[in-house]
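**Student:** Sharing input03.pdb here; it has PDB, C-alpha atoms.
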ATOM      1  CA  MET S   1     -13.690  19.548 -79.719
ATOM      2  CA  GLY S   2     -14.250  20.356 -76.035
ATOM      3  CA  THR S   3     -16.529  18.784 -73.468
ATOM      4  CA  ARG S   4     -18.545  20.315 -70.668
ATOM      5  CA  LEU S   5     -18.352  18.374 -67.389
ATOM      6  CA  TYR S   6     -21.243  19.942 -65.540
ATOM      7  CA  CYS S   7     -20.758  17.799 -62.462
ATOM      8  CA  GLU S   8     -17.631  19.806 -61.697
ATOM      9  CA  GLU S   9     -19.654  22.986 -61.296
ATOM     10  CA  PRO S  10     -20.709  23.910 -57.738
ATOM     11  CA  GLY S  11     -24.319  23.055 -57.023
ATOM     12  CA  PHE S  12     -24.687  20.600 -59.902
ATOM     13  CA  GLU S  13     -27.014  17.729 -59.196
ATOM     14  CA  HIS S  14     -26.643  14.707 -61.415
ATOM     15  CA  SER S  15     -29.556  12.312 -61.072
ATOM     16  CA  ARG S  16     -28.802   9.603 -63.571
ATOM     17  CA  ALA S  17     -28.395   6.991 -60.841
ATOM     18  CA  ALA S  18     -31.630   8.127 -59.225
ATOM     19  CA  ASP S  19     -33.389   7.860 -62.595
ATOM     20  CA  ALA S  20     -32.182   4.279 -62.960
ATOM     21  CA  ASN S  21     -33.317   3.341 -59.465
ATOM     22  CA  GLN S  22     -36.766   4.797 -60.040
ATOM     23  CA  ALA S  23     -37.080   3.038 -63.369
ATOM     24  CA  GLU S  24     -36.162  -0.332 -61.853
ATOM     25  CA  LYS S  25     -38.798   0.069 -59.138
ATOM     26  CA  GLY S  26     -41.467   0.250 -61.833
ATOM     27  CA  LEU S  27     -40.322  -2.928 -63.576
ATOM     28  CA  THR S  28     -41.280  -6.491 -62.796
ATOM     29  CA  ASP S  29     -38.614  -8.920 -61.628
ATOM     30  CA  MET S  30     -38.861 -10.690 -64.952
ATOM     31  CA  THR S  31     -38.175  -7.514 -66.891
ATOM     32  CA  ILE S  32     -35.288  -6.575 -64.615
ATOM     33  CA  ARG S  33     -33.713 -10.004 -65.199
ATOM     34  CA  PHE S  34     -34.265  -9.544 -68.924
ATOM     35  CA  PHE S  35     -32.611  -6.136 -68.825
ATOM     36  CA  ARG S  36     -29.601  -7.331 -66.862
ATOM     37  CA  THR S  37     -29.132 -10.297 -69.180
ATOM     38  CA  VAL S  38     -29.250  -8.420 -72.462
ATOM     39  CA  PHE S  39     -27.829  -5.079 -71.390
ATOM     40  CA  ALA S  40     -24.197  -6.155 -71.507
ATOM     41  CA  ALA S  41     -24.569  -7.643 -74.983
ATOM     42  CA  VAL S  42     -26.471  -4.686 -76.327
ATOM     43  CA  LEU S  43     -24.091  -2.203 -74.749
ATOM     44  CA  PHE S  44     -21.194  -4.055 -76.358
ATOM     45  CA  GLN S  45     -22.702  -3.349 -79.756
ATOM     46  CA  GLY S  46     -23.151   0.314 -78.889
ATOM     47  CA  SER S  47     -26.893   0.295 -79.502
ATOM     48  CA  MET S  48     -27.959   1.208 -75.999
ATOM     49  CA  LEU S  49     -25.550   4.092 -75.636
ATOM     50  CA  LEU S  50     -27.266   7.419 -75.439
ATOM     51  CA  VAL S  51     -24.632   8.767 -77.788
ATOM     52  CA  ALA S  52     -22.970   6.174 -80.005
ATOM     53  CA  PRO S  53     -19.181   6.198 -80.371
ATOM     54  CA  GLY S  54     -18.178   8.713 -83.013
ATOM     55  CA  ALA S  55     -21.409  10.700 -82.799
ATOM     56  CA  ALA S  56     -21.223  14.482 -82.641
ATOM     57  CA  LEU S  57     -20.480  15.653 -79.128
ATOM     58  CA  ALA S  58     -21.383  19.059 -77.806
ATOM     59  CA  ASP S  59     -18.370  21.299 -78.402
ATOM     60  CA  ASP S  60     -17.216  24.845 -77.926
ATOM     61  CA  ALA S  61     -16.678  25.747 -81.596
ATOM     62  CA  ILE S  62     -20.182  27.042 -82.220
ATOM     63  CA  THR S  63     -20.379  28.869 -78.882
ATOM     64  CA  ALA S  64     -17.008  30.512 -79.486
ATOM     65  CA  SER S  65     -18.313  32.057 -82.706
ATOM     66  CA  VAL S  66     -21.184  33.823 -80.907
ATOM     67  CA  LYS S  67     -20.687  37.428 -79.858
ATOM     68  CA  THR S  68     -22.322  38.756 -76.694
ATOM     69  CA  ASP S  69     -24.902  41.473 -77.362
ATOM     70  CA  PRO S  70     -24.969  44.113 -74.572
ATOM     71  CA  ALA S  71     -28.456  45.264 -75.605
ATOM     72  CA  ILE S  72     -29.882  41.748 -75.259
ATOM     73  CA  HIS S  73     -27.963  41.230 -72.008
ATOM     74  CA  ALA S  74     -29.718  44.335 -70.657
ATOM     75  CA  LEU S  75     -33.097  42.593 -71.135
ATOM     76  CA  LEU S  76     -32.237  40.016 -68.461
ATOM     77  CA  PRO S  77     -33.644  40.361 -64.931
ATOM     78  CA  LYS S  78     -31.246  42.249 -62.668
ATOM     79  CA  ALA S  79     -30.760  39.191 -60.462
ATOM     80  CA  ILE S  80     -29.480  37.122 -63.392
ATOM     81  CA  GLN S  81     -27.326  39.995 -64.646
ATOM     82  CA  GLU S  82     -25.689  40.132 -61.217
ATOM     83  CA  SER S  83     -25.296  36.363 -60.729
ATOM     84  CA  GLY S  84     -24.294  35.728 -64.342
ATOM     85  CA  VAL S  85     -26.129  32.390 -64.252
ATOM     86  CA  ILE S  86     -29.396  31.019 -65.668
ATOM     87  CA  LYS S  87     -30.464  27.857 -63.797
ATOM     88  CA  LEU S  88     -31.908  25.410 -66.317
ATOM     89  CA  GLY S  89     -33.746  22.164 -65.611
ATOM     90  CA  THR S  90     -33.687  19.323 -68.134
ATOM     91  CA  ASP S  91     -33.994  15.541 -68.417
ATOM     92  CA  ALA S  92     -30.884  14.436 -70.300
ATOM     93  CA  HIS S  93     -32.324  11.152 -71.544
ATOM     94  CA  TRP S  94     -33.982  12.366 -74.754
ATOM     95  CA  PRO S  95     -31.558  12.202 -77.674
ATOM     96  CA  PRO S  96     -31.147  14.045 -79.953
ATOM     97  CA  CYS S  97     -32.577  16.838 -77.743
ATOM     98  CA  GLU S  98     -30.150  16.097 -74.935
ATOM     99  CA  SER S  99     -28.544  13.039 -73.392
ATOM    100  CA  PHE S 100     -25.432  11.982 -71.511
ATOM    101  CA  ALA S 101     -22.299  11.017 -73.417
ATOM    102  CA  GLU S 102     -20.350   7.849 -72.671
ATOM    103  CA  ASP S 103     -18.680   9.461 -69.659
ATOM    104  CA  GLY S 104     -22.081   9.738 -67.975
ATOM    105  CA  VAL S 105     -21.687  13.414 -67.095
ATOM    106  CA  THR S 106     -21.265  15.382 -70.331
ATOM    107  CA  MET S 107     -24.550  16.607 -71.809
ATOM    108  CA  VAL S 108     -24.784  16.381 -75.588
ATOM    109  CA  GLY S 109     -27.500  17.246 -78.098
ATOM    110  CA  TRP S 110     -28.855  20.120 -80.116
ATOM    111  CA  GLU S 111     -30.437  21.828 -77.102
ATOM    112  CA  PRO S 112     -27.158  21.919 -75.083
ATOM    113  CA  ASP S 113     -25.504  23.448 -78.145
ATOM    114  CA  LEU S 114     -28.304  25.998 -78.383
ATOM    115  CA  TRP S 115     -28.480  26.928 -74.698
ATOM    116  CA  ASP S 116     -24.707  27.441 -74.642
ATOM    117  CA  ALA S 117     -24.957  29.697 -77.703
ATOM    118  CA  ILE S 118     -27.832  31.615 -76.099
ATOM    119  CA  GLY S 119     -25.813  31.999 -72.905
ATOM    120  CA  GLN S 120     -22.916  33.391 -74.917
ATOM    121  CA  LYS S 121     -25.223  35.832 -76.738
ATOM    122  CA  LEU S 122     -26.638  36.956 -73.375
ATOM    123  CA  GLY S 123     -23.230  37.139 -71.695
ATOM    124  CA  VAL S 124     -24.172  34.685 -68.938
ATOM    125  CA  LYS S 125     -23.621  31.002 -68.125
ATOM    126  CA  VAL S 126     -26.472  28.531 -68.561
ATOM    127  CA  LYS S 127     -26.129  25.966 -65.775
ATOM    128  CA  PRO S 128     -28.154  22.763 -66.419
ATOM    129  CA  THR S 129     -29.344  20.139 -63.969
ATOM    130  CA  SER S 130     -30.848  16.833 -65.125
ATOM    131  CA  ILE S 131     -33.821  15.378 -63.229
ATOM    132  CA  ASP S 132     -36.865  13.237 -64.094
ATOM    133  CA  PHE S 133     -39.075  14.893 -66.705
ATOM    134  CA  ASP S 134     -42.119  15.060 -64.447
ATOM    135  CA  GLY S 135     -40.146  17.119 -61.925
ATOM    136  CA  LEU S 136     -39.213  19.899 -64.349
ATOM    137  CA  LEU S 137     -42.362  22.013 -64.135
ATOM    138  CA  PRO S 138     -42.652  21.602 -60.345
ATOM    139  CA  GLY S 139     -38.993  22.652 -60.228
ATOM    140  CA  LEU S 140     -39.949  25.901 -61.925
ATOM    141  CA  GLU S 141     -42.783  26.489 -59.477
ATOM    142  CA  SER S 142     -40.519  25.896 -56.474
ATOM    143  CA  GLY S 143     -37.871  28.289 -57.759
ATOM    144  CA  ARG S 144     -35.264  25.583 -58.218
ATOM    145  CA  PHE S 145     -34.948  26.522 -61.903
ATOM    146  CA  ASP S 146     -35.269  29.766 -63.831
ATOM    147  CA  VAL S 147     -36.232  27.883 -66.963
ATOM    148  CA  ALA S 148     -36.819  24.336 -68.222
ATOM    149  CA  LEU S 149     -35.803  22.996 -71.630
ATOM    150  CA  GLU S 150     -36.166  19.389 -72.770
ATOM    151  CA  CYS S 151     -38.085  19.415 -76.069
ATOM    152  CA  ILE S 152     -41.177  20.280 -74.004
ATOM    153  CA  SER S 153     -44.342  20.729 -76.061
ATOM    154  CA  ASP S 154     -46.267  23.985 -75.812
ATOM    155  CA  THR S 155     -49.880  22.960 -75.098
ATOM    156  CA  LEU S 156     -52.922  25.018 -74.160
ATOM    157  CA  ASP S 157     -53.150  23.125 -70.889
ATOM    158  CA  ARG S 158     -49.542  23.922 -69.961
ATOM    159  CA  GLU S 159     -49.978  27.566 -70.950
ATOM    160  CA  LYS S 160     -52.558  27.908 -68.172
ATOM    161  CA  LYS S 161     -49.712  27.804 -65.632
ATOM    162  CA  PHE S 162     -46.528  28.468 -67.604
ATOM    163  CA  MET S 163     -45.094  30.611 -70.371
ATOM    164  CA  PHE S 164     -43.277  29.237 -73.419
ATOM    165  CA  VAL S 165     -40.558  30.748 -75.552
ATOM    166  CA  ASP S 166     -41.071  28.512 -78.573
ATOM    167  CA  ILE S 167     -37.912  27.709 -80.526
ATOM    168  CA  SER S 168     -38.612  24.475 -82.451
ATOM    169  CA  VAL S 169     -41.236  22.172 -83.967
ATOM    170  CA  ALA S 170     -41.947  18.540 -83.086
ATOM    171  CA  THR S 171     -43.990  15.783 -84.726
ATOM    172  CA  ASP S 172     -45.445  13.069 -82.480
ATOM    173  CA  VAL S 173     -45.109   9.552 -83.897
ATOM    174  CA  VAL S 174     -45.617   5.999 -82.643
ATOM    175  CA  PHE S 175     -42.965   3.292 -82.327
ATOM    176  CA  ALA S 176     -43.816  -0.416 -82.222
ATOM    177  CA  LEU S 177     -41.964  -3.664 -82.834
ATOM    178  CA  GLU S 178     -41.871  -4.971 -86.379
ATOM    179  CA  GLY S 179     -44.556  -7.580 -86.989
ATOM    180  CA  SER S 180     -46.981  -6.086 -84.481
ATOM    181  CA  SER S 181     -50.573  -5.172 -85.304
ATOM    182  CA  VAL S 182     -49.757  -1.457 -85.120
ATOM    183  CA  SER S 183     -50.071   0.536 -88.335
ATOM    184  CA  ALA S 184     -50.525   4.146 -89.449
ATOM    185  CA  ASP S 185     -54.256   3.735 -88.769
ATOM    186  CA  PRO S 186     -55.007   5.243 -85.339
ATOM    187  CA  LEU S 187     -57.669   2.569 -84.776
ATOM    188  CA  SER S 188     -54.904  -0.075 -84.825
ATOM    189  CA  LEU S 189     -53.869   1.258 -81.396
ATOM    190  CA  CYS S 190     -57.235   0.659 -79.734
ATOM    191  CA  GLY S 191     -57.121  -1.788 -76.832
ATOM    192  CA  LEU S 192     -53.323  -2.002 -76.907
ATOM    193  CA  LYS S 193     -50.871  -1.141 -74.127
ATOM    194  CA  ALA S 194     -49.073   2.178 -74.551
ATOM    195  CA  GLY S 195     -45.826   3.006 -72.765
ATOM    196  CA  VAL S 196     -45.906   6.609 -71.568
ATOM    197  CA  GLN S 197     -43.363   8.657 -69.636
ATOM    198  CA  LYS S 198     -44.927  10.526 -66.731
ATOM    199  CA  GLY S 199     -45.538  14.202 -67.354
ATOM    200  CA  THR S 200     -45.316  14.069 -71.157
ATOM    201  CA  SER S 201     -47.970  15.393 -73.527
ATOM    202  CA  PHE S 202     -48.628  11.953 -75.045
ATOM    203  CA  THR S 203     -50.982  11.255 -72.154
ATOM    204  CA  MET S 204     -53.176  14.083 -73.452
ATOM    205  CA  SER S 205     -52.957  12.732 -77.006
ATOM    206  CA  ILE S 206     -54.288   9.379 -75.807
ATOM    207  CA  ASP S 207     -57.029  10.861 -73.635
ATOM    208  CA  ASN S 208     -58.159  13.623 -75.986
ATOM    209  CA  ILE S 209     -57.466  12.269 -79.472
ATOM    210  CA  LEU S 210     -56.910   8.528 -79.707
ATOM    211  CA  ASP S 211     -59.333   7.164 -77.084
ATOM    212  CA  PRO S 212     -62.318   9.171 -78.432
ATOM    213  CA  LEU S 213     -61.637   7.728 -81.899
ATOM    214  CA  CYS S 214     -61.523   4.205 -80.462
ATOM    215  CA  LEU S 215     -64.735   4.604 -78.466
ATOM    216  CA  LYS S 216     -66.535   6.208 -81.420
ATOM    217  CA  ASP S 217     -65.674   3.132 -83.509
ATOM    218  CA  GLY S 218     -66.837   0.775 -80.755
ATOM    219  CA  LYS S 219     -63.320  -0.341 -79.882
ATOM    220  CA  PRO S 220     -61.710  -0.517 -76.411
ATOM    221  CA  ALA S 221     -59.654   2.368 -75.086
ATOM    222  CA  ILE S 222     -55.869   2.318 -75.014
ATOM    223  CA  VAL S 223     -54.310   1.025 -71.773
ATOM    224  CA  LYS S 224     -51.648   3.421 -70.492
ATOM    225  CA  SER S 225     -48.593   2.079 -68.650
ATOM    226  CA  MET S 226     -46.721   4.927 -66.958
ATOM    227  CA  PHE S 227     -42.933   4.998 -66.484
ATOM    228  CA  PRO S 228     -40.571   7.500 -64.828
ATOM    229  CA  SER S 229     -38.133   7.807 -67.760
ATOM    230  CA  ILE S 230     -37.991   7.390 -71.523
ATOM    231  CA  ASP S 231     -35.344   4.698 -71.064
ATOM    232  CA  ALA S 232     -37.813   2.658 -68.990
ATOM    233  CA  VAL S 233     -40.491   3.128 -71.682
ATOM    234  CA  THR S 234     -38.073   1.991 -74.379
ATOM    235  CA  LEU S 235     -37.097  -1.061 -72.328
ATOM    236  CA  ALA S 236     -40.770  -1.914 -71.844
ATOM    237  CA  LEU S 237     -41.276  -1.828 -75.617
ATOM    238  CA  ALA S 238     -38.180  -3.950 -76.280
ATOM    239  CA  SER S 239     -39.270  -6.567 -73.713
ATOM    240  CA  GLY S 240     -42.885  -6.679 -74.918
ATOM    241  CA  ARG S 241     -44.423  -5.206 -71.781
ATOM    242  CA  VAL S 242     -46.107  -2.537 -73.915
ATOM    243  CA  ASP S 243     -47.301  -2.696 -77.523
ATOM    244  CA  PHE S 244     -46.250   0.778 -78.586
ATOM    245  CA  MET S 245     -44.806   4.060 -77.371
ATOM    246  CA  SER S 246     -44.690   7.623 -78.640
ATOM    247  CA  ASN S 247     -41.767   9.930 -79.180
ATOM    248  CA  ASP S 248     -40.762  12.749 -81.474
ATOM    249  CA  ALA S 249     -39.974  11.827 -85.081
ATOM    250  CA  SER S 250     -36.477  13.285 -84.613
ATOM    251  CA  ALA S 251     -35.702  10.376 -82.247
ATOM    252  CA  ALA S 252     -36.147   7.736 -84.970
ATOM    253  CA  ALA S 253     -32.420   7.123 -85.482
ATOM    254  CA  ASP S 254     -31.788   6.784 -81.752
ATOM    255  CA  MET S 255     -34.739   4.410 -81.368
ATOM    256  CA  LYS S 256     -33.312   2.173 -84.088
ATOM    257  CA  LYS S 257     -30.008   2.020 -82.217
ATOM    258  CA  LYS S 258     -31.691   1.083 -78.951
ATOM    259  CA  VAL S 259     -34.347  -1.289 -80.338
ATOM    260  CA  ALA S 260     -33.283  -2.636 -83.723
ATOM    261  CA  SER S 261     -36.688  -4.231 -84.350
ATOM    262  CA  SER S 262     -38.612  -0.998 -83.762
ATOM    263  CA  LYS S 263     -40.564   0.674 -86.542
ATOM    264  CA  MET S 264     -41.900   4.231 -86.705
ATOM    265  CA  TYR S 265     -45.501   4.997 -87.689
ATOM    266  CA  VAL S 266     -46.762   8.467 -88.547
ATOM    267  CA  ILE S 267     -50.328   8.707 -87.209
ATOM    268  CA  ASP S 268     -51.959  11.617 -89.011
ATOM    269  CA  VAL S 269     -54.218  12.594 -86.089
ATOM    270  CA  LEU S 270     -51.311  13.062 -83.693
ATOM    271  CA  PRO S 271     -50.284  16.695 -83.292
ATOM    272  CA  LYS S 272     -47.346  18.714 -84.431
ATOM    273  CA  ASN S 273     -46.275  20.908 -81.544
ATOM    274  CA  PHE S 274     -44.248  23.979 -80.845
ATOM    275  CA  GLN S 275     -41.531  23.303 -78.290
ATOM    276  CA  GLY S 276     -39.325  25.588 -76.271
ATOM    277  CA  PHE S 277     -38.167  27.103 -73.015
ATOM    278  CA  VAL S 278     -40.704  26.948 -70.193
ATOM    279  CA  LEU S 279     -40.891  29.711 -67.584
ATOM    280  CA  LEU S 280     -43.252  31.024 -64.942
ATOM    281  CA  PRO S 281     -45.678  33.661 -66.299
ATOM    282  CA  GLU S 282     -44.056  36.364 -64.173
ATOM    283  CA  SER S 283     -40.635  35.735 -65.789
ATOM    284  CA  LYS S 284     -41.380  38.145 -68.633
ATOM    285  CA  GLU S 285     -37.947  39.790 -68.632
ATOM    286  CA  LEU S 286     -36.155  36.470 -68.933
ATOM    287  CA  ALA S 287     -38.584  35.337 -71.651
ATOM    288  CA  ALA S 288     -37.938  38.518 -73.637
ATOM    289  CA  ALA S 289     -34.169  38.021 -73.328
ATOM    290  CA  LEU S 290     -34.338  34.357 -74.426
ATOM    291  CA  LEU S 291     -36.546  35.241 -77.389
ATOM    292  CA  ALA S 292     -34.271  38.098 -78.466
ATOM    293  CA  ALA S 293     -31.193  35.881 -78.163
ATOM    294  CA  THR S 294     -32.829  33.106 -80.208
ATOM    295  CA  LYS S 295     -33.843  35.548 -82.946
ATOM    296  CA  ALA S 296     -30.305  36.934 -83.004
ATOM    297  CA  LEU S 297     -28.863  33.426 -83.400
ATOM    298  CA  ILE S 298     -31.260  32.793 -86.291
ATOM    299  CA  ALA S 299     -30.174  36.045 -87.942
ATOM    300  CA  ASP S 300     -26.496  35.142 -87.417
ATOM    301  CA  GLY S 301     -26.958  31.666 -88.931
ATOM    302  CA  ILE S 302     -25.945  29.978 -85.650
ATOM    303  CA  TYR S 303     -29.383  28.399 -85.108
ATOM    304  CA  ASP S 304     -29.275  26.712 -88.533
ATOM    305  CA  ARG S 305     -25.683  25.672 -87.951
ATOM    306  CA  ILE S 306     -26.610  23.881 -84.716
ATOM    307  CA  LEU S 307     -29.614  22.026 -86.141
ATOM    308  CA  ASP S 308     -27.762  21.134 -89.338
ATOM    309  CA  LYS S 309     -25.012  19.630 -87.169
ATOM    310  CA  TRP S 310     -27.593  17.234 -85.727
ATOM    311  CA  ASP S 311     -29.370  16.695 -89.100
ATOM    312  CA  LEU S 312     -32.616  18.187 -87.768
ATOM    313  CA  ASP S 313     -33.895  20.433 -90.539
ATOM    314  CA  ALA S 314     -37.501  19.418 -89.765
ATOM    315  CA  VAL S 315     -37.181  20.805 -86.236
ATOM    316  CA  LYS S 316     -36.390  24.367 -87.352
ATOM    317  CA  LEU S 317     -38.814  27.152 -86.440
ATOM    318  CA  LYS S 318     -38.318  30.197 -88.644
ATOM    319  CA  GLU S 319     -40.191  32.599 -86.365
ATOM    320  CA  PRO S 320     -39.828  31.834 -82.630
ATOM    321  CA  GLY S 321     -42.306  33.450 -80.284
ATOM    322  CA  ILE S 322     -44.116  33.508 -76.955
ATOM    323  CA  ASN S 323     -46.946  30.995 -76.331
ATOM    324  CA  LEU S 324     -47.407  30.324 -80.038
ATOM    325  CA  THR S 325     -49.977  27.581 -79.445
ATOM    326  CA  SER S 326     -52.530  29.957 -77.918
ATOM    327  CA  THR S 327     -51.942  32.523 -80.664
ATOM    328  CA  GLY S 328     -53.391  30.100 -83.193
ATOM    329  CA  ALA S 329     -50.128  29.687 -85.088
ATOM    330  CA  LYS S 330     -49.650  26.277 -86.697
ATOM    331  CA  PRO S 331     -46.362  24.350 -86.729
ATOM    332  CA  LYS S 332     -45.176  23.581 -90.264
TER     333      LYS S 332
END
Output the file's structure in the form of structure tokens.
**Tutor:**
Amino acid sequence: MGTRLYCEEPGFEHSRAADANQAEKGLTDMTIRFFRTVFAAVLFQGSMLLVAPGAALADDAITASVKTDPAIHALLPKAIQESGVIKLGTDAHWPPCESFAEDGVTMVGWEPDLWDAIGQKLGVKVKPTSIDFDGLLPGLESGRFDVALECISDTLDREKKFMFVDISVATDVVFALEGSSVSADPLSLCGLKAGVQKGTSFTMSIDNILDPLCLKDGKPAIVKSMFPSIDAVTLALASGRVDFMSNDASAAADMKKKVASSKMYVIDVLPKNFQGFVLLPESKELAAALLAATKALIADGIYDRILDKWDLDAVKLKEPGINLTSTGAKPK
């Protein structure tokens, strides 16, 4: 089992320390003291590790079994064919999508496994950089990245400025502490404090779905507390600064490791979303190459092999495509 130390690659920018600094700035002194007090004890038990000891690490076995397809390679933009590199932006703090292993530099998760396999199919290297989630789409616009991938939901609003190559399905759920007033009833969330990571689609779910239900029933709107990272949101839930938070259902096991008293609630009005690579609309050649590579991996059985490795059958998308949300397709 091999590891990929991306910080050893020229041009790699590892922002985990910056993420932590930004998260601390958004916390009160009381919460910071709480965090520093309990962190050592929790870390000792392994529950705050992004990847617990013994968990599956990204390895080279799956990638090594993928054969490069010259015809799919030819779909890539000439600039990428010549450089041999696809610059990918991500936020490696979202297990099981991607996170940092215990060494703090190795990226692990089902998406790193997939992007490496796609790179092998295309005959190029996918070079990831981890930054805050809300900087990923601006990073595309500035040209810093060719593509972004971090379990990013394909929404109609995002499709106004970006193009998606959809490769998976996600189900939004709510996490709260056991014994709280939160339930599967969406009205149980009215008037409560929600922890939200900046730039995520849950903000739209609150504004466009949950708040209208609350106001229609004569109840107060949800109070959003914004944080720069999912780790800061999770800490806010654990310390009681927020009443609930949202994440993908696939993160349930990781949430239980980080916050043992957390409980997942499936709120039926919350959306299921397509998720995938995000590109600029003019990056049609790259989108076509990524889609062709993904379809080839599905046909080869590699796609299933990767998601089965991470026990994520519910995430599988049988027919990937471009901007599936605006086509009217429904995630299943």
**Student:** Taking the file as I've supplied it (selection: the PyMOL selection byres ((chain S and resi 64) around 12)), which residues are included? Please answer as a PDB file with C-alpha atoms, in the coordinates of the input.
**Tutor:**
ATOM      1  CA  MET S   1     -13.690  19.548 -79.719  1.00  0.00           C
ATOM      2  CA  GLY S   2     -14.250  20.356 -76.035  1.00  0.00           C
ATOM      3  CA  ASP S  59     -18.370  21.299 -78.402  1.00  0.00           C
ATOM      4  CA  ASP S  60     -17.216  24.845 -77.926  1.00  0.00           C
ATOM      5  CA  ALA S  61     -16.678  25.747 -81.596  1.00  0.00           C
ATOM      6  CA  ILE S  62     -20.182  27.042 -82.220  1.00  0.00           C
ATOM      7  CA  THR S  63     -20.379  28.869 -78.882  1.00  0.00           C
ATOM      8  CA  SER S  65     -18.313  32.057 -82.706  1.00  0.00           C
ATOM      9  CA  VAL S  66     -21.184  33.823 -80.907  1.00  0.00           C
ATOM     10  CA  LYS S  67     -20.687  37.428 -79.858  1.00  0.00           C
ATOM     11  CA  THR S  68     -22.322  38.756 -76.694  1.00  0.00           C
ATOM     12  CA  ASP S 113     -25.504  23.448 -78.145  1.00  0.00           C
ATOM     13  CA  ASP S 116     -24.707  27.441 -74.642  1.00  0.00           C
ATOM     14  CA  ALA S 117     -24.957  29.697 -77.703  1.00  0.00           C
ATOM     15  CA  ILE S 118     -27.832  31.615 -76.099  1.00  0.00           C
ATOM     16  CA  GLY S 119     -25.813  31.999 -72.905  1.00  0.00           C
ATOM     17  CA  GLN S 120     -22.916  33.391 -74.917  1.00  0.00           C
ATOM     18  CA  LYS S 121     -25.223  35.832 -76.738  1.00  0.00           C
ATOM     19  CA  GLY S 123     -23.230  37.139 -71.695  1.00  0.00           C
ATOM     20  CA  ILE S 302     -25.945  29.978 -85.650  1.00  0.00           C
TER      21      ILE S 302
END
**Student:** Segment 167-177 of chain S: which residues within 9 Å, counting only C-alpha atoms, same-chain residues fewer than 5 positions away excluded, as JSON, numbers by chain?
**Tutor:** {"S": [151, 153, 182, 183, 184, 202, 237, 238, 240, 242, 243, 244, 245, 246, 247, 248, 249, 250, 252, 255, 259, 260, 261, 262, 263, 264, 265, 266, 267, 268, 270, 271, 272, 273, 274, 275, 276, 277, 291, 294, 314, 315, 316, 317, 318, 319, 320, 321, 331, 332]}
**Student:** What residues have an atom no more than 8 Å from (-30.0, 25.7, -67.6) in the file's own frame, counting only C-alpha atoms, and can you write them as a list in words?
**Tutor:**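 Every polymer residue passing the test: Ile86, Lys87, Leu88, Gly89, Thr90, Trp115, Val126, Lys127, Pro128, Thr129, Phe145, Asp146, Val147, Ala148 and Leu149 of chain S.
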**Student:** Apply the PyMOL selection byres ((chain S and resi 290) around 9) to the structure shown and report the selected residues as number ranges by chain.
**Tutor:** S: 72, 75-76, 118-119, 122, 165, 277, 285-289, 291-295
**Student:** I need the output of the PyMOL selection byres ((chain S and resi 220-236) around 9) for this file as JSON, numbers by chain; which residues are they?
**Tutor:** {"S": [19, 20, 22, 23, 24, 26, 27, 31, 35, 91, 93, 94, 132, 133, 134, 189, 190, 191, 192, 193, 194, 195, 196, 197, 198, 199, 203, 206, 207, 210, 211, 212, 213, 214, 215, 217, 218, 219, 237, 238, 239, 240, 241, 242, 243, 245, 247, 255, 258, 259]}
**Student:** Quick one: pull the distance between atom CA of Leu280 of chain S and atom CA of Phe162 of chain S, Å, one decimal.
**Tutor:**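 The value is 4.9 Å.
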**Student:** Within 7 Å of segment 305-308 of chain S, counting all atoms listed in the file, which residues show up once you throw out same-chain ones fewer than 3 positions away? Write them as number ranges by chain, please.
**Tutor:** S: 110, 113-114, 301-302, 311-313
**Student:** If you keep C-alpha atoms, can you produce a file of those selected residues as a PDB file, in the coordinates of the input?
**Tutor:**
ATOM      1  CA  TRP S 110     -28.855  20.120 -80.116  1.00  0.00           C
ATOM      2  CA  ASP S 113     -25.504  23.448 -78.145  1.00  0.00           C
ATOM      3  CA  LEU S 114     -28.304  25.998 -78.383  1.00  0.00           C
ATOM      4  CA  GLY S 301     -26.958  31.666 -88.931  1.00  0.00           C
ATOM      5  CA  ILE S 302     -25.945  29.978 -85.650  1.00  0.00           C
ATOM      6  CA  ASP S 311     -29.370  16.695 -89.100  1.00  0.00           C
ATOM      7  CA  LEU S 312     -32.616  18.187 -87.768  1.00  0.00           C
ATOM      8  CA  ASP S 313     -33.895  20.433 -90.539  1.00  0.00           C
TER       9      ASP S 313
END
**Student:** Would you mind telling me which residue in S:Ala329, S:Ile209, S:Leu324, S:Ala299 lies nearest to Asp154 of chain S when using only C-alpha atoms?
**Tutor:**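 Counting only C-alpha atoms, the residue closest to Asp154 of chain S is S:Leu324.
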**Student:** Taking all atoms of segment 172-181 of chain S that appear in the file, build a box with edges along x, y and z, extend it by 5 Å on every side, and state its centre and edge lengths in Å to one decimal, as AutoDock Vina command-line options.
**Tutor:**
--center_x -46.2 --center_y 2.7 --center_z -84.6 --size_x 18.7 --size_y 30.6 --size_z 14.8
